[in-house]
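*Asks:* To start, I am sharing the structure in question, which I have written as structure tokens.
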There are 2 protein chains.
Amino acid sequence: MKNIAIGVDVGGTNTAIGVVDTEGHVLVKSNIPTPSHGDINLFISEMSLAIKELINSAELMNEDIEVLGIGIGAPNGNYYNGTVEYAPNLSFKGVIPFVKLLREKFPDMKAIALTNDANAAALGEMIYGGAKGMKNFVMFTLGTGVGSGIVVDGNMVYGHDGFAGECGHTTLIPDGRLCGCGAKGHVEAYCSAPGMKRTAFEIMVRDNVTNSLLSDKSFMELDSRMIFEAAERGDKVALEVFEQTGKWLGQALADTVHHLSPEAIFLFGGPTAAGEYIFKPTRESMEAHLLPIFKNKIKVLPSQLKAGDAAIVGASALVHKELQR
Amino acid sequence: MKNIAIGVDVGGTNTAIGVVDTEGHVLVKSNIPTPSHGDINLFISEMSLAIKELINSAELMNEDIEVLGIGIGAPNGNYYNGTVEYAPNLSFKGVIPFVKLLREKFPDMKAIALTNDANAAALGEMIYGGAKGMKNFVMFTLGTGVGSGIVVDGNMVYGHDGFAGECGHTTLIPDGRLCGCGAKGHVEAYCSAPGMKRTAFEIMVRDNVTNSLLSDKSFMELDSRMIFEAAERGDKVALEVFEQTGKWLGQALADTVHHLSPEAIFLFGGPTAAGEYIFKPTRESMEAHLLPIFKNKIKVLPSQLKAGDAAIVGASALVHKELQR
């Protein structure tokens, strides 16, 4: 008997679905488009069909499997209500009763649960990854935005209304850069992948740099991978981008430490592929901002989840957490 | 039968001890000096004697009482270890096993527990005050410093090593004012009572104000009560101090909301006596910094604990929380 959980990651353009075993390995996976038509019932039908096909495939590979449940990671996902609420990048408007609609398609499934994508990543780290056995840790996901998931005493923190863990929207620089949410100076506007691009241009503007490997890229095309590659080749602007991003991120992590006193903070996402370029200045800046009682205690670690599968694997972890309740 | 708990508040110069009933009323209380001699064993003996005398007094008032335990609020108090660790304002150096030493004097006491003063205040609010029935809330204590206590799912957040809830040491203004802890730009350097004094002088310096009610006060003597009294008389500098302090505090509260999604944030301490002078700009600034999913949801409320007794009452609440475990 092999226990498996279904992980569903609802993204802006694409929804990834996978069958995940108890070690966090993806046995089979598939993709369906996240529709732009706004018809949630149609999307739930398509998703249900894809899930059933995947379960069939998994059964062909291993005849004796038990499906424990379905976990979903979605933007603006509310764990308490099983809803997706006013997600700006999805075509489904208002409050969508996601879990309820999926439950109608899978009435006998033991557990169906939903949370936002960063919380799902934190659960993945706890169930399968580097946070196994940790009771107090925080996950920061750096990508198009900056998300976070908080674990206290072994449980996800959802807060009063299910939306806790939005550390990417704490204020880093008062009245600073415009954030995607409409407010100013949030961490996300500095430490996300697009934030790093903005920093690269800020440095080129400040020093009028025309001979950087980044100088011939447009504001549209420059991305964090190009900055990493330029840093590897010793480009000064690129190296300063990592240095400065680490300073900012370290300040943000220190704020989180002062709230929660975690054992570790895990970093996940594209920019973390740059390894010590980003980890070193982040750790140094965090330490500089900490109270003495916290200094040299808090680990800042790379996520142990595999980049490509992390969202699916994280979502599937929600099933195991749900069944432990 | 009347159940009572002992609350002990260890301050820099004075230690207050009270007998508190289950409604949070202080039946009898006394004070002993917090010694400067650094001899913890002598201090524990004096404290134990004072506690026993108070219990005797309470028994004289009401012959059928049961003492449930002793709760202690102390600076740098560590709940997990029952220790006071490297408290800068106490004469006891290093790590002091406070609970262990007190336990030797009261071997039959059901519960003896210790935490820091802001956590004790949060517990007081939950057991006896305005947070009764709330599962997710945060308490900010504004005084000489800015402390905080965080409650998630009905439990205090202590974190990995027992020191969680230091929101006063998150960064408000990067490279800003020097904080008492040695770092720069922390919330405490702006939103504490001395922070408000610094703001008053900042405004007088900026606008060269010689005709404010605060203009004839020295940097040493000006305090937050004088600023409140001047505001009541329409003094422009004093009014701007509250406006600006609220803006800063609101930014800090928004950061906390983005971490924890609480139902409410309670404000406690001297500066909150100014009522709407401080609450109105704080609420407005917090709302301006929040993600849409949090707007118009989070209550910012004055603490319901009586100012004079709050520290004792809060410390005694730790006993009830301990016995619920």
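Residues are referred to by chain and number: the chain letter is A, B, ... according to the order shown in the structure tokens, the number counts from 1 in that chain, and ligands are numbered separately from 1 in the order shown.
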Give me, as a PyMOL selection string, the residues of range 31-276 of chain A that a backbone DSSP run labels strand (DSSP E).
*Replies:* chain A and resi 31-33+65-73+77-78+83-85+95-96+111-115+137-142+146-152+155-156+264-268
*Asks:* Which residues of chain A are close to chain B, meaning at most 7 Å apart when you count only C-alpha atoms, and how do they look as an mmCIF file with C-alpha atoms, in the first residue's frame?
*Replies:*
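Saved result, result34.cif, follows:
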```cif
data_model
loop_
_atom_site.group_PDB
_atom_site.id
_atom_site.type_symbol
_atom_site.label_atom_id
_atom_site.label_comp_id
_atom_site.auth_asym_id
_atom_site.auth_seq_id
_atom_site.Cartn_x
_atom_site.Cartn_y
_atom_site.Cartn_z
ATOM 1 C CA ASN A 136 8.975 27.351 14.676
ATOM 2 C CA VAL A 152 4.492 28.425 15.218
ATOM 3 C CA GLY A 159 -4.573 34.343 11.889
ATOM 4 C CA HIS A 160 -8.064 35.580 12.602
ATOM 5 C CA ASP A 161 -9.344 35.527 9.034
ATOM 6 C CA PHE A 163 -4.666 35.505 5.554
ATOM 7 C CA ALA A 164 -1.638 35.621 7.895
ATOM 8 C CA GLY A 165 1.901 35.470 6.492
ATOM 9 C CA GLU A 166 2.044 38.419 4.109
ATOM 10 C CA CYS A 167 5.539 39.498 5.178
ATOM 11 C CA HIS A 169 3.935 43.561 2.295
ATOM 12 C CA THR A 170 5.617 44.929 5.399
ATOM 13 C CA THR A 171 7.186 48.355 4.919
ATOM 14 C CA ILE A 173 11.402 51.972 3.110
ATOM 15 C CA PRO A 174 8.714 54.471 4.185
ATOM 16 C CA CYS A 181 -0.489 46.134 -4.118
ATOM 17 C CA ALA A 183 1.092 50.824 -1.253
ATOM 18 C CA ASP A 255 11.597 42.246 11.587
ATOM 19 C CA HIS A 258 11.556 40.104 16.294
ATOM 20 C CA HIS A 259 7.942 39.088 15.865
ATOM 21 C CA LEU A 260 8.323 35.320 16.005
ATOM 22 C CA SER A 261 11.719 34.136 17.277
ATOM 23 C CA PRO A 262 11.908 31.288 14.739
ATOM 24 C CA GLU A 263 14.534 28.539 14.677
ATOM 25 C CA HIS A 289 19.426 44.507 12.839
ATOM 26 C CA LEU A 291 18.536 42.424 19.357
#
```
*Asks:* Using only C-alpha atoms, which residue out of B:Ile112, B:Val313, B:Ile278, B:Leu249 lies closest to Gly71 in chain B?
*Replies:*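 When distances to Gly71 in chain B are compared using only C-alpha atoms, the smallest one comes from B:Ile112.
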*Asks:* Between CA of Asp175 in chain A and CA of Ile203 in chain A, what is the spacing in Å?
*Replies:*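 So the two atoms, CA of Ile203 in chain A and CA of Asp175 in chain A, lie 19.2 Å apart.
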*Asks:* Which residues come within 9 Å of Leu68 in chain B, counting only C-alpha atoms, excluding same-chain residues fewer than 6 positions away, as a PyMOL selection string?
*Replies:* chain B and resi 3-6+109-111+319-320+323
*Asks:* Keeping only C-alpha atoms, write the selected residues to a file as a short mmCIF file (atom, residue, chain, number, x, y, z; two decimals), in the first residue's frame.
*Replies:*
```cif
data_model
loop_
_atom_site.label_atom_id
_atom_site.label_comp_id
_atom_site.auth_asym_id
_atom_site.auth_seq_id
_atom_site.Cartn_x
_atom_site.Cartn_y
_atom_site.Cartn_z
CA ASN B 3 -9.24 31.11 43.84
CA ILE B 4 -6.41 33.61 43.69
CA ALA B 5 -3.13 33.94 41.81
CA ILE B 6 -0.02 35.86 42.80
CA MET B 109 2.66 25.62 44.64
CA LYS B 110 0.68 24.25 41.66
CA ALA B 111 2.10 26.61 39.04
CA VAL B 319 -0.93 31.20 36.33
CA HIS B 320 -4.38 30.66 34.81
CA LEU B 323 -3.20 25.62 34.56
#
```
*Asks:* Would you compute the distance between CA of Lys299 in chain A and CA of Ile265 in chain A? Give it in Å to one decimal.
*Replies:*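 Calculated distance between CA of Lys299 in chain A and CA of Ile265 in chain A is 6.2 Å.
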*Asks:* Calculated over only C-alpha atoms, which of the candidates A:Ala238, A:Gly12, A:Tyr79, A:Gly130 has the smallest distance to Thr144 in chain A?
*Replies:*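 Smallest distance to Thr144 in chain A is found for A:Gly12.
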*Asks:* Please list as number ranges by chain every residue within 8 Å of Pro35 in chain A, counting only C-alpha atoms and excluding residues in the same chain fewer than 3 positions away.
*Replies:* A: 13, 38-39, 43, 91
*Asks:* Go through A:Gln244, A:Ser30, A:Asn119, A:Ser212 and flag the residue nearest Lys321 in chain A, using only C-alpha atoms for the distances.
*Replies:*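 With only C-alpha atoms as the atom set, the closest residue is A:Asn119.
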*Asks:* Taking 2 positions as the minimum chain separation for residues in the same chain, which residues sit within 9 Å of range 302-311 of chain B when counting only C-alpha atoms? Answer as a ChimeraX atom specification.
*Replies:* /B:7-10,16,18,24-26,73,117-118,120-121,124-125,128-131,139,265-270,272-273,275,279,300,313-316
*Asks:* Please, could you write that set of residues out with N, CA and C atoms as a compact mmCIF listing (two decimals), in the first residue's frame?
*Replies:*
```
# COMPACT_ATOMS: atom_id res chain seq x y z
N GLY B 7 0.62 37.71 41.38
CA GLY B 7 1.30 38.35 40.24
C GLY B 7 2.50 39.13 40.73
N VAL B 8 3.64 38.92 40.09
CA VAL B 8 4.88 39.62 40.48
C VAL B 8 5.40 40.37 39.25
N ASP B 9 5.60 41.67 39.39
CA ASP B 9 6.16 42.46 38.30
C ASP B 9 7.53 42.98 38.70
N VAL B 10 8.56 42.43 38.10
CA VAL B 10 9.93 42.83 38.42
C VAL B 10 10.33 44.01 37.54
N ALA B 16 6.70 44.88 42.20
CA ALA B 16 5.34 44.94 42.74
C ALA B 16 4.76 43.53 42.80
N GLY B 18 1.16 41.28 43.92
CA GLY B 18 -0.25 41.41 44.25
C GLY B 18 -0.95 40.07 44.31
N GLY B 24 -9.59 39.41 37.99
CA GLY B 24 -8.52 40.37 37.73
C GLY B 24 -8.49 41.53 38.71
N HIS B 25 -9.21 41.40 39.84
CA HIS B 25 -9.13 42.44 40.87
C HIS B 25 -7.96 42.16 41.80
N VAL B 26 -7.23 43.22 42.13
CA VAL B 26 -6.11 43.08 43.06
C VAL B 26 -6.66 43.20 44.48
N GLY B 73 6.29 38.58 35.77
CA GLY B 73 6.66 39.32 34.57
C GLY B 73 8.00 40.00 34.83
N ASP B 117 7.49 41.17 30.50
CA ASP B 117 6.40 42.02 30.97
C ASP B 117 5.32 42.25 29.90
N ALA B 118 5.73 42.39 28.62
CA ALA B 118 4.74 42.65 27.58
C ALA B 118 3.90 41.40 27.31
N ALA B 120 3.20 39.21 29.58
CA ALA B 120 2.32 39.15 30.75
C ALA B 120 1.12 40.08 30.54
N ALA B 121 1.38 41.27 30.00
CA ALA B 121 0.28 42.21 29.75
C ALA B 121 -0.71 41.62 28.75
N GLY B 124 -2.78 39.12 30.49
CA GLY B 124 -3.76 39.82 31.33
C GLY B 124 -4.96 40.28 30.51
N GLU B 125 -4.68 40.81 29.32
CA GLU B 125 -5.77 41.27 28.44
C GLU B 125 -6.66 40.09 28.04
N TYR B 128 -8.40 38.56 31.63
CA TYR B 128 -9.30 39.45 32.39
C TYR B 128 -9.82 40.64 31.58
N GLY B 129 -9.23 40.97 30.44
CA GLY B 129 -9.48 42.28 29.82
C GLY B 129 -10.28 42.23 28.53
N GLY B 130 -9.92 43.11 27.61
CA GLY B 130 -10.67 43.30 26.38
C GLY B 130 -10.50 42.21 25.36
N ALA B 131 -9.52 41.31 25.56
CA ALA B 131 -9.27 40.23 24.59
C ALA B 131 -9.92 38.92 25.02
N MET B 139 -0.69 42.66 21.56
CA MET B 139 -0.67 43.75 22.54
C MET B 139 0.60 44.54 22.34
N ILE B 265 -5.56 44.73 17.70
CA ILE B 265 -4.31 45.12 18.35
C ILE B 265 -4.68 46.03 19.52
N PHE B 266 -4.20 45.69 20.71
CA PHE B 266 -4.44 46.49 21.90
C PHE B 266 -3.23 47.37 22.17
N LEU B 267 -3.49 48.61 22.55
CA LEU B 267 -2.41 49.51 22.93
C LEU B 267 -2.52 49.79 24.42
N PHE B 268 -1.39 49.72 25.09
CA PHE B 268 -1.34 49.91 26.54
C PHE B 268 -0.20 50.87 26.89
N GLY B 269 -0.38 51.64 27.96
CA GLY B 269 0.74 52.44 28.47
C GLY B 269 0.48 53.93 28.44
N GLY B 270 1.37 54.68 29.07
CA GLY B 270 1.24 56.12 29.27
C GLY B 270 0.72 56.88 28.06
N THR B 272 -1.01 56.14 25.62
CA THR B 272 -2.37 55.83 25.17
C THR B 272 -3.42 56.58 26.00
N ALA B 273 -3.01 57.18 27.13
CA ALA B 273 -3.93 58.00 27.92
C ALA B 273 -4.43 59.18 27.10
N GLY B 275 -5.75 59.09 24.35
CA GLY B 275 -6.96 58.70 23.61
C GLY B 275 -6.86 58.93 22.11
N PHE B 279 -4.84 57.42 18.95
CA PHE B 279 -5.52 56.31 18.26
C PHE B 279 -5.93 56.67 16.83
N VAL B 300 -8.15 48.46 16.43
CA VAL B 300 -7.06 48.99 17.26
C VAL B 300 -7.72 49.55 18.52
N VAL B 313 -1.46 42.25 37.45
CA VAL B 313 -2.60 41.48 36.95
C VAL B 313 -2.18 40.62 35.77
N GLY B 314 -1.38 41.21 34.87
CA GLY B 314 -0.88 40.45 33.72
C GLY B 314 -0.05 39.26 34.17
N ALA B 315 0.85 39.50 35.11
CA ALA B 315 1.71 38.41 35.59
C ALA B 315 0.87 37.30 36.22
N SER B 316 -0.17 37.68 36.96
CA SER B 316 -1.01 36.66 37.60
C SER B 316 -1.77 35.83 36.56
```
*Asks:* Could you find all residues in range 155-294 of chain A that DSSP calls alpha helix (DSSP H) from the backbone, and write them as an NGL selection string?
*Replies:* :A and (188-191 or 193-207 or 224-232 or 236-260 or 276-289)
*Asks:* What does the distance between CA of Ile127 in chain A and CA of Ala317 in chain A come to in Å, to one decimal place?
*Replies:*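 Spanning CA of Ile127 in chain A to CA of Ala317 in chain A is a straight-line distance of 6.1 Å.
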*Asks:* Which of these, A:Leu90, A:Val95, A:Met61, A:Ile70, has the shortest distance to Thr34 in chain A once you count only C-alpha atoms?
*Replies:* A:Leu90
